[in-house]
>>> print(open('query_1.cif').read())   # mmCIF, C-alpha atoms
data_coords
loop_
_atom_site.label_atom_id
_atom_site.label_comp_id
_atom_site.auth_asym_id
_atom_site.auth_seq_id
_atom_site.Cartn_x
_atom_site.Cartn_y
_atom_site.Cartn_z
CA MET A 13 0.00 0.00 0.00
CA ARG A 14 1.28 3.50 -0.88
CA ALA A 15 0.41 6.46 1.28
CA ALA A 16 -2.04 8.58 -0.67
CA SER A 17 -1.45 12.30 -0.78
CA LEU A 18 -3.67 14.40 1.42
CA LYS A 19 -5.03 15.98 -1.73
CA ASP A 20 -6.00 12.55 -3.07
CA SER A 21 -7.74 11.80 0.24
CA VAL A 22 -10.18 14.70 -0.14
CA VAL A 23 -13.46 13.77 -1.80
CA SER A 24 -15.38 16.61 -3.42
CA ARG A 25 -18.90 16.58 -4.85
CA CYS A 26 -20.31 19.73 -6.38
CA ALA A 27 -23.62 20.37 -8.11
CA ALA A 28 -25.59 23.42 -9.12
CA THR A 29 -27.16 23.78 -5.69
CA GLU A 30 -24.59 22.22 -3.36
CA CYS A 31 -20.95 21.60 -2.77
CA ILE A 32 -19.82 19.02 -0.23
CA VAL A 33 -16.16 18.62 0.68
CA THR A 34 -15.10 15.79 2.95
CA GLN A 35 -11.72 16.10 4.59
CA PRO A 36 -9.66 13.02 5.53
CA GLU A 37 -11.50 11.37 8.43
CA LEU A 38 -8.54 11.57 10.83
CA SER A 39 -7.23 14.96 9.77
CA GLY A 40 -5.33 16.65 12.61
CA GLN A 41 -4.97 13.46 14.65
CA VAL A 42 -1.66 12.04 15.85
CA ALA A 43 -1.18 8.27 15.82
CA LEU A 44 1.61 6.32 17.45
CA VAL A 45 2.14 2.84 15.94
CA THR A 46 4.48 0.31 17.52
CA GLY A 47 6.13 -2.22 15.26
CA GLY A 48 5.48 0.18 12.40
CA GLY A 49 8.60 -0.55 10.41
CA ALA A 50 7.36 -3.63 8.54
CA GLY A 51 4.47 -6.01 7.95
CA ILE A 52 1.07 -5.15 9.36
CA GLY A 53 2.51 -2.15 11.22
CA ARG A 54 3.83 -0.58 8.03
CA SER A 55 0.46 -0.93 6.31
CA ILE A 56 -1.30 0.60 9.33
CA CYS A 57 1.10 3.57 9.32
CA LEU A 58 0.57 4.24 5.62
CA ASP A 59 -3.20 3.95 5.89
CA LEU A 60 -3.50 6.22 8.94
CA ALA A 61 -1.32 8.78 7.17
CA ALA A 62 -3.60 8.62 4.13
CA ALA A 63 -6.54 9.21 6.51
CA GLY A 64 -4.93 12.45 7.69
CA CYS A 65 -2.95 11.39 10.76
CA ALA A 66 0.51 12.51 11.63
CA VAL A 67 2.15 9.16 12.36
CA VAL A 68 4.87 8.28 14.85
CA VAL A 69 6.46 5.13 13.45
CA ILE A 70 8.07 3.10 16.24
CA ASP A 71 10.18 0.03 15.65
CA ARG A 72 13.19 -1.70 17.16
CA ALA A 73 14.76 -1.61 13.69
CA ASP A 74 15.20 1.83 12.14
CA PRO A 75 11.74 2.78 10.72
CA THR A 76 12.99 5.75 8.71
CA ALA A 77 12.04 4.15 5.39
CA VAL A 78 8.36 4.01 6.35
CA ALA A 79 8.40 7.62 7.55
CA GLU A 80 9.98 8.66 4.26
CA GLU A 81 7.33 6.72 2.34
CA ILE A 82 4.63 8.64 4.20
CA ALA A 83 6.38 11.96 3.56
CA ALA A 84 6.68 11.11 -0.14
CA GLY A 85 2.89 10.77 -0.23
CA GLY A 86 2.44 14.21 1.31
CA GLY A 87 1.89 13.05 4.90
CA ARG A 88 3.66 13.74 8.17
CA ALA A 89 5.64 11.12 10.04
CA LEU A 90 8.28 10.80 12.72
CA PRO A 91 10.47 7.69 12.87
CA VAL A 92 11.46 6.56 16.37
CA THR A 93 13.78 3.64 17.04
CA ALA A 94 12.62 2.05 20.30
CA ASP A 95 12.05 -1.32 21.97
CA VAL A 96 8.55 -1.81 23.37
CA THR A 97 9.91 -4.02 26.15
CA VAL A 98 12.03 -1.16 27.52
CA GLU A 99 10.04 1.25 29.69
CA GLY A 100 12.41 4.17 29.12
CA ASP A 101 12.24 3.71 25.36
CA MET A 102 8.47 4.01 25.35
CA ARG A 103 8.47 7.09 27.55
CA ALA A 104 11.05 8.69 25.27
CA ALA A 105 8.98 7.79 22.18
CA VAL A 106 5.90 9.47 23.63
CA ASP A 107 7.97 12.52 24.58
CA SER A 108 9.27 12.71 20.99
CA ALA A 109 5.76 12.45 19.61
CA THR A 110 4.51 15.19 21.90
CA ALA A 111 7.43 17.46 21.08
CA GLU A 112 7.02 16.96 17.33
CA PHE A 113 3.23 16.93 16.94
CA GLY A 114 1.84 18.33 20.19
CA GLY A 115 0.30 15.16 21.60
CA ILE A 116 -1.18 11.73 20.84
CA ASP A 117 -4.74 10.83 19.88
CA VAL A 118 -4.35 7.21 18.77
CA LEU A 119 -2.10 4.40 20.00
CA VAL A 120 -1.85 1.23 17.93
CA ASN A 121 -0.15 -1.57 19.85
CA ASN A 122 1.03 -3.63 16.90
CA ALA A 123 4.57 -4.68 17.86
CA GLY A 124 4.74 -8.42 18.29
CA VAL A 125 6.69 -11.58 17.72
CA PHE A 126 5.18 -14.53 15.81
CA ALA A 127 6.87 -15.99 12.75
CA SER A 128 10.21 -16.65 14.44
CA LEU A 129 8.61 -18.67 17.27
CA THR A 130 8.87 -22.44 17.37
CA ASN A 131 5.69 -24.15 16.17
CA GLY A 132 5.23 -27.43 18.05
CA PRO A 133 3.96 -29.27 21.15
CA PHE A 134 3.77 -27.08 24.22
CA GLU A 135 6.14 -29.30 26.21
CA GLU A 136 8.84 -28.61 23.62
CA ILE A 137 8.50 -24.82 23.64
CA PRO A 138 11.80 -23.30 24.77
CA VAL A 139 11.41 -21.27 27.95
CA ASP A 140 13.25 -18.36 26.39
CA GLU A 141 10.71 -18.27 23.55
CA TRP A 142 7.85 -18.25 26.06
CA ARG A 143 9.43 -15.29 27.80
CA LEU A 144 10.05 -13.52 24.49
CA ALA A 145 6.42 -13.86 23.43
CA MET A 146 5.20 -12.54 26.78
CA ASP A 147 7.74 -9.73 26.87
CA VAL A 148 7.04 -8.37 23.39
CA ASN A 149 3.35 -9.15 22.94
CA VAL A 150 2.10 -8.55 26.48
CA LEU A 151 4.62 -6.43 28.38
CA GLY A 152 5.17 -4.31 25.26
CA THR A 153 1.45 -3.56 25.00
CA PHE A 154 1.34 -2.69 28.70
CA LEU A 155 4.37 -0.41 28.61
CA ALA A 156 3.33 1.42 25.43
CA THR A 157 -0.17 2.03 26.75
CA ARG A 158 1.07 3.20 30.13
CA ALA A 159 3.59 5.55 28.51
CA ALA A 160 0.94 7.03 26.18
CA LEU A 161 -1.74 7.42 28.84
CA PRO A 162 -0.78 10.91 30.09
CA ALA A 163 -0.68 12.22 26.52
CA LEU A 164 -4.08 10.69 25.72
CA ARG A 165 -5.57 12.14 28.89
CA ALA A 166 -4.12 15.54 28.04
CA ARG A 167 -6.11 15.46 24.79
CA GLY A 168 -9.29 14.72 26.72
CA GLY A 169 -9.51 11.18 25.40
CA GLY A 170 -8.35 9.04 22.52
CA ARG A 171 -8.13 5.56 21.09
CA VAL A 172 -6.06 2.51 21.86
CA VAL A 173 -6.15 -0.25 19.26
CA ASN A 174 -4.45 -3.52 20.20
CA ILE A 175 -3.47 -6.02 17.53
CA ALA A 176 -4.39 -9.45 18.85
CA SER A 177 -4.86 -12.71 16.92
CA THR A 178 -7.51 -15.29 16.14
CA THR A 179 -5.19 -17.92 17.64
CA ALA A 180 -6.39 -16.77 21.06
CA LEU A 181 -10.04 -17.11 20.02
CA LYS A 182 -9.72 -20.48 18.30
CA GLY A 183 -7.28 -22.06 20.75
CA THR A 184 -4.77 -22.81 18.00
CA ALA A 185 -2.66 -25.83 18.86
CA PHE A 186 1.14 -25.94 18.77
CA LEU A 187 1.48 -22.20 19.32
CA LEU A 188 0.74 -22.04 23.02
CA HIS A 189 3.19 -19.22 23.75
CA TYR A 190 1.82 -17.02 20.99
CA ALA A 191 -1.85 -17.87 21.57
CA SER A 192 -1.45 -17.27 25.31
CA SER A 193 0.21 -13.92 24.79
CA LYS A 194 -2.53 -12.76 22.44
CA GLY A 195 -5.16 -14.05 24.85
CA ALA A 196 -3.60 -11.75 27.42
CA VAL A 197 -3.89 -8.86 24.95
CA LEU A 198 -7.62 -9.57 24.57
CA ALA A 199 -8.06 -9.60 28.34
CA MET A 200 -6.09 -6.35 28.66
CA THR A 201 -8.32 -4.76 26.02
CA LYS A 202 -11.48 -5.48 28.02
CA ALA A 203 -10.04 -4.50 31.40
CA LEU A 204 -8.49 -1.28 30.09
CA ALA A 205 -11.73 -0.33 28.33
CA ARG A 206 -13.51 -0.40 31.70
CA GLU A 207 -10.68 1.38 33.49
CA LEU A 208 -10.18 4.18 30.96
CA GLY A 209 -13.76 4.83 29.87
CA ASP A 210 -14.19 7.77 32.23
CA ASP A 211 -11.15 9.37 30.59
CA GLY A 212 -12.82 9.19 27.18
CA ILE A 213 -10.25 6.66 26.03
CA LEU A 214 -11.72 3.84 23.95
CA VAL A 215 -9.80 0.56 23.93
CA ASN A 216 -10.49 -2.08 21.28
CA ALA A 217 -8.66 -4.88 19.53
CA VAL A 218 -8.29 -6.21 16.01
CA ALA A 219 -7.69 -9.95 15.69
CA PRO A 220 -6.20 -10.87 12.31
CA GLY A 221 -6.02 -14.38 10.98
CA PHE A 222 -2.82 -15.84 9.56
CA THR A 223 -1.28 -12.97 7.60
CA VAL A 224 1.49 -13.23 5.05
CA THR A 225 3.92 -10.58 6.27
CA SER A 226 7.61 -9.98 5.63
CA GLY A 227 8.28 -11.89 8.85
CA VAL A 228 6.38 -14.91 7.53
CA GLU A 229 8.23 -14.70 4.23
CA SER A 230 11.58 -14.70 6.04
CA ASN A 231 10.71 -17.67 8.27
CA PRO A 232 9.12 -20.17 5.84
CA GLY A 233 10.23 -23.23 7.78
CA GLN A 234 8.40 -22.11 10.92
CA VAL A 235 5.03 -21.38 9.34
CA ALA A 236 4.84 -23.34 6.09
CA GLY A 237 2.04 -25.63 7.33
CA MET A 238 -0.05 -22.75 8.63
CA ARG A 239 0.37 -20.83 5.40
CA ASP A 240 -0.72 -23.83 3.35
CA ARG A 241 -3.81 -24.50 5.48
CA ALA A 242 -5.05 -20.97 6.15
CA PRO A 243 -6.82 -20.13 2.84
CA GLY A 244 -8.79 -23.41 2.86
CA GLY A 245 -10.29 -22.62 6.25
CA ARG A 246 -11.72 -19.28 5.15
CA VAL A 247 -14.92 -18.29 3.47
CA LEU A 248 -12.74 -16.00 1.33
CA ARG A 249 -10.23 -18.53 0.07
CA ARG A 250 -7.07 -16.54 -0.44
CA GLU A 251 -4.01 -15.51 1.50
CA MET A 252 -4.40 -12.60 3.88
CA SER A 253 -2.08 -9.61 3.49
CA PRO A 254 -1.22 -6.76 5.88
CA ASP A 255 -3.42 -4.40 3.87
CA ASP A 256 -6.46 -6.49 4.84
CA VAL A 257 -6.07 -5.36 8.47
CA VAL A 258 -5.94 -1.61 8.02
CA GLY A 259 -9.63 -0.88 7.48
CA ALA A 260 -10.61 -2.22 10.89
CA VAL A 261 -7.83 -0.25 12.57
CA ARG A 262 -8.84 2.95 10.82
CA PHE A 263 -12.49 2.40 11.81
CA LEU A 264 -11.59 1.94 15.48
CA ALA A 265 -9.44 5.07 15.36
CA SER A 266 -12.14 7.14 13.66
CA PRO A 267 -15.20 9.08 14.85
CA SER A 268 -17.37 6.30 13.38
CA SER A 269 -16.52 4.07 16.38
CA ALA A 270 -17.19 6.69 19.05
CA PHE A 271 -19.53 4.41 21.04
CA ILE A 272 -17.51 1.20 20.76
CA THR A 273 -15.07 0.04 23.43
CA GLY A 274 -13.82 -3.22 24.88
CA GLN A 275 -14.53 -5.04 21.62
CA THR A 276 -12.54 -7.29 19.31
CA VAL A 277 -12.96 -7.07 15.53
CA VAL A 278 -11.97 -10.30 13.77
CA VAL A 279 -10.39 -9.85 10.34
CA ASP A 280 -9.63 -13.26 8.85
CA GLY A 281 -11.71 -13.75 5.70
CA GLY A 282 -14.37 -15.73 7.53
CA ALA A 283 -12.36 -18.45 9.26
CA TYR A 284 -13.68 -17.67 12.74
CA PHE A 285 -17.15 -16.23 13.29
CA HIS A 286 -16.92 -13.98 16.35
#
>>> encode(input="query_1.cif", output="structure tokens")
Amino acid sequence: MRAASLKDSVVSRCAATECIVTQPELSGQVALVTGGGAGIGRSICLDLAAAGCAVVVIDRADPTAVAEEIAAGGGRALPVTADVTVEGDMRAAVDSATAEFGGIDVLVNNAGVFASLTNGPFEEIPVDEWRLAMDVNVLGTFLATRAALPALRARGGGRVVNIASTTALKGTAFLLHYASSKGAVLAMTKALARELGDDGILVNAVAPGFTVTSGVESNPGQVAGMRDRAPGGRVLRREMSPDDVVGAVRFLASPSSAFITGQTVVVDGGAYFH
């Protein structure tokens, strides 16, 4: 997906008696996206930028290329190299966002580990992989949300969108560490929605199905079986790409979802009916 220019994002309809101009739906908003340097995160960053957001692209690997892609499309972006498992990194990222754009309206907790994890019986899962999944997928979501909270409150409210997974809903076998970590993300989504509702902060989750990302492409031995089986289990029998996720994220970040919180939107082509 290429970031559309802000001009391209404006829809105009004029007639003899009326002229309606619709600005980008998230114009003036600031979104912070963790794990934004590749895969689903990259697609989310580009789509939110096309919707009018200034985007803070956070990744452990240098995310400058994504920020430059957004700028080339006429958008605004700030690349921040940070590790979501390091509390100081997340505080510094929020400080950078506030200094550059004046605050934060949307937090997308996308950073996660999946394709590099061992796929097999739970008794064979290495302890260090269990800890890695919990650190990145669960602790990272916790630390990013806690770091962003003062900035969201300062705006009078905002949105938190957590990227979960259908593995936690289906009870996918042979991925206990990953499924458990994403189950924790779903539980956090519900509990935080109740806790932060009075602050005007809406907390929801998007649960993608098996998605062919750059991480999947670079770890074919780990996920080959899942990739082969996934399309056949869907109503829409094709592979899922990162761009398939972005519409749900944009909706949950937009004014259209102003009375929705604590919910999980499943995006998997009809493999799991939620």
>>> resolve_selection(input="query_1.cif", expression="the PyMOL selection byres ((chain A and resi 103-114) around 12)", output="VMD selection string")
chain A and resid 40 to 46 65 to 72 88 to 102 115 to 119 155 to 164 166 to 167
>>> residues_around(input="query_1.cif", residues="Ser268 in chain A", least_positions_apart="6", cutoff="12 Å", atoms="all atoms listed in the file", output="count of residues only")
5
>>> atom_distance(input="query_1.cif", atom1="CA of Gly53 in chain A", atom2="CA of Phe222 in chain A")
14.8 Å
>>> resolve_selection(input="query_1.cif", expression="the PyMOL selection byres ((chain A and resi 146) around 10)", output="ChimeraX atom specification")
/A:97,124-125,140-145,147-153,189-190,192-194,196-197
>>> write_last_selection(input="query_1.cif", atoms="C-alpha atoms", output="PDB file, in the frame of the given file")
ATOM      1  CA  THR A  97       9.910  -4.020  26.150  1.00  0.00           C
ATOM      2  CA  GLY A 124       4.740  -8.420  18.290  1.00  0.00           C
ATOM      3  CA  VAL A 125       6.690 -11.580  17.720  1.00  0.00           C
ATOM      4  CA  ASP A 140      13.250 -18.360  26.390  1.00  0.00           C
ATOM      5  CA  GLU A 141      10.710 -18.270  23.550  1.00  0.00           C
ATOM      6  CA  TRP A 142       7.850 -18.250  26.060  1.00  0.00           C
ATOM      7  CA  ARG A 143       9.430 -15.290  27.800  1.00  0.00           C
ATOM      8  CA  LEU A 144      10.050 -13.520  24.490  1.00  0.00           C
ATOM      9  CA  ALA A 145       6.420 -13.860  23.430  1.00  0.00           C
ATOM     10  CA  ASP A 147       7.740  -9.730  26.870  1.00  0.00           C
ATOM     11  CA  VAL A 148       7.040  -8.370  23.390  1.00  0.00           C
ATOM     12  CA  ASN A 149       3.350  -9.150  22.940  1.00  0.00           C
ATOM     13  CA  VAL A 150       2.100  -8.550  26.480  1.00  0.00           C
ATOM     14  CA  LEU A 151       4.620  -6.430  28.380  1.00  0.00           C
ATOM     15  CA  GLY A 152       5.170  -4.310  25.260  1.00  0.00           C
ATOM     16  CA  THR A 153       1.450  -3.560  25.000  1.00  0.00           C
ATOM     17  CA  HIS A 189       3.190 -19.220  23.750  1.00  0.00           C
ATOM     18  CA  TYR A 190       1.820 -17.020  20.990  1.00  0.00           C
ATOM     19  CA  SER A 192      -1.450 -17.270  25.310  1.00  0.00           C
ATOM     20  CA  SER A 193       0.210 -13.920  24.790  1.00  0.00           C
ATOM     21  CA  LYS A 194      -2.530 -12.760  22.440  1.00  0.00           C
ATOM     22  CA  ALA A 196      -3.600 -11.750  27.420  1.00  0.00           C
ATOM     23  CA  VAL A 197      -3.890  -8.860  24.950  1.00  0.00           C
TER      24      VAL A 197
END
>>> atom_distance(input="query_1.cif", atom1="CA of Thr130 in chain A", atom2="CA of Val235 in chain A")
9.0 Å
>>> closest_residue(input="query_1.cif", among="A:Gly221, A:Ala236, A:Gln35, A:Ala283", to="Pro254 in chain A", atoms="all atoms listed in the file")
A:Gly221
>>> residues_around(input="query_1.cif", residues="Gly259 in chain A", least_positions_apart="5", cutoff="9 Å", atoms="only C-alpha atoms", output="ChimeraX atom specification")
/A:56,59,264
>>> write_last_selection(input="query_1.cif", atoms="C-alpha atoms", output="PDB file, keeping the file's coordinate frame")
ATOM      1  CA  ILE A  56      -1.300   0.600   9.330  1.00  0.00           C
ATOM      2  CA  ASP A  59      -3.200   3.950   5.890  1.00  0.00           C
ATOM      3  CA  LEU A 264     -11.590   1.940  15.480  1.00  0.00           C
TER       4      LEU A 264
END
>>> resolve_selection(input="query_1.cif", expression="the PyMOL selection byres ((chain A and resi 276) around 6)", output="tab-separated table (two decimals) with C-alpha atoms, in the frame of the given file")
chain	number	residue	atom	x	y	z
A	216	ASN	CA	-10.49	-2.08	21.28
A	217	ALA	CA	-8.66	-4.88	19.53
A	218	VAL	CA	-8.29	-6.21	16.01
A	275	GLN	CA	-14.53	-5.04	21.62
A	277	VAL	CA	-12.96	-7.07	15.53
>>> closest_residue(input="query_1.cif", among="A:Phe271, A:Tyr284, A:Phe186, A:Phe134", to="Arg246 in chain A", atoms="all atoms listed in the file")
A:Tyr284
>>> atom_distance(input="query_1.cif", atom1="CA of Leu181 in chain A", atom2="CA of Gly281 in chain A")
14.8 Å
>>> closest_residue(input="query_1.cif", among="A:Gly64, A:Gly274, A:Gly227, A:Pro220", to="Arg206 in chain A", atoms="only C-alpha atoms")
A:Gly274
>>> closest_residue(input="query_1.cif", among="A:Ala73, A:Ala176, A:Leu187, A:Leu204", to="Ala219 in chain A", atoms="all atoms listed in the file")
A:Ala176
>>> closest_residue(input="query_1.cif", among="A:Arg239, A:Arg54, A:Lys182, A:Arg165", to="Phe285 in chain A", atoms="only C-alpha atoms")
A:Lys182
